[in-house]
Amino acid sequence: MVQRIRLPEQNSVMLIGRLSQDPELRYTQRGQSVCRFNIATGRRYKDVNGEWKEETSFIPIVTWQNVAIRCNERLKKGSPVYIQGRLRSRSWEDKEGQRHYALEVYAREVQFLQVADKEATDDVVSATAATNEEPTIETVDNDKTEEEIPF
C-alpha cells in the first residue's frame with residue numbers, strides 16, 4: 001500500500017549580516033527598480049582539536065521596487081541589516097555557452113540596524129514590500145549581461 005505524505009512547502013530565510021560592498025541599483029526594461037548587494041554572515045566554532053575557527057559566508061540579496069530604492073539610499077559597505085525573504089535559484093548561459101547557477105535571497109523585508117543620524121527620527125527603519133506578488137524577472141537596462149554581474 002502506498003502511503004501518502006503531506007509535505008508542506010516552506011521557503012523562508014532570516015539573516016543578519018553586514019554589506020560586503022555598496023548596493024547596486026538598476027532598472028529593468030519595464031522600469032522596475034532592483035537593488036542587489038551581498039551580506040557577510042559569520043560564525044565561530046571549535047574544530048576537532050578544540051581550536052576556535054571563524055567561517056564567513058557571503059550571501060547575495062535581491063530587493064525590488066520601493067525596498068530597492070530605500071536600500072540604495074540608506075545602505076553602504078559595512079551597514080548591518082536584518083533580512084527576511086526566500087531563496088530563489090536561477091541559471092543562465094554565458095557567451096561561451098557555459099551554464100551558470102546562482103542561489104539568491106529575495107528579500108521581503110530589510111531592516112536597517114545601524115543607528116540613524118540625529119536628523120532622522122527612527123533608530124531602526126524597516127522597508128517592507130507593499131505586495132507579496134513576484135515582480136517579473138527581466139534583463140536590466142544596460143550593456144552588461146547577467147553573467148557579467150559579479151554577484
# chains A, B, ... in the order shown; residues from 1 in each chain; ligands from 1

call {"tool": "select_by_dssp", "arguments": {"residues": "segment 14-79 of chain A", "states": "alpha helix (DSSP H)", "output": "list of chain:residue names"}}
result
A:Gln65, A:Asn66, A:Val67, A:Ala68, A:Ile69, A:Arg70, A:Cys71, A:Asn72, A:Glu73, A:Arg74

call {"tool": "closest_atom_pairs", "arguments": {"of": "segment 42-61 of chain A", "to": "segment 97-113 of chain A", "cutoff": "10 Å", "atoms": "only C-alpha atoms", "output": "JSON lines"}}
result
{"residue": "A:Ile59", "atom": "CA", "partner": "A:Glu104", "partner_atom": "CA", "distance": 7.1}
{"residue": "A:Pro60", "atom": "CA", "partner": "A:Glu104", "partner_atom": "CA", "distance": 5.2}
{"residue": "A:Ile61", "atom": "CA", "partner": "A:Val105", "partner_atom": "CA", "distance": 4.9}

call {"tool": "atom_distance", "arguments": {"atom1": "atom CA of Val67 of chain A", "atom2": "atom CA of Ser20 of chain A"}}
result
18.7 Å

call {"tool": "residues_around", "arguments": {"residues": "Leu15 of chain A", "least_positions_apart": "3", "cutoff": "9 Å", "atoms": "only C-alpha atoms", "output": "number ranges by chain"}}
result
A: 39, 41, 81-85

call {"tool": "write_last_selection", "arguments": {"atoms": "C-alpha atoms", "output": "PDB file, in the first residue's frame"}}
result
ATOM      1  CA  ILE A  39      25.911  40.430   3.053  1.00  0.00           C
ATOM      2  CA  THR A  41      27.439  36.445   7.933  1.00  0.00           C
ATOM      3  CA  VAL A  81      20.975  44.609   8.184  1.00  0.00           C
ATOM      4  CA  TYR A  82      18.311  42.075   9.086  1.00  0.00           C
ATOM      5  CA  ILE A  83      16.820  40.306   6.058  1.00  0.00           C
ATOM      6  CA  GLN A  84      13.632  38.246   5.803  1.00  0.00           C
ATOM      7  CA  GLY A  85      12.921  36.597   2.496  1.00  0.00           C
TER       8      GLY A  85
END

call {"tool": "residues_around", "arguments": {"residues": "Val34 of chain A", "least_positions_apart": "4", "cutoff": "10 Å", "atoms": "only C-alpha atoms", "output": "list in words"}}
result
Glu24, Leu25, Arg26, Tyr27, Thr28, Val62, Thr63, Trp64, Gln65, Asn66, Val67, Ala68, Ile69, Cys71, Asn72, Pro135, Ile137 and Val140 of chain A

call {"tool": "atom_distance", "arguments": {"atom1": "atom CA of Trp92 of chain A", "atom2": "atom CA of Arg36 of chain A"}}
result
17.2 Å

call {"tool": "atom_distance", "arguments": {"atom1": "atom CA of Phe58 of chain A", "atom2": "atom CA of Asn38 of chain A"}}
result
6.1 Å
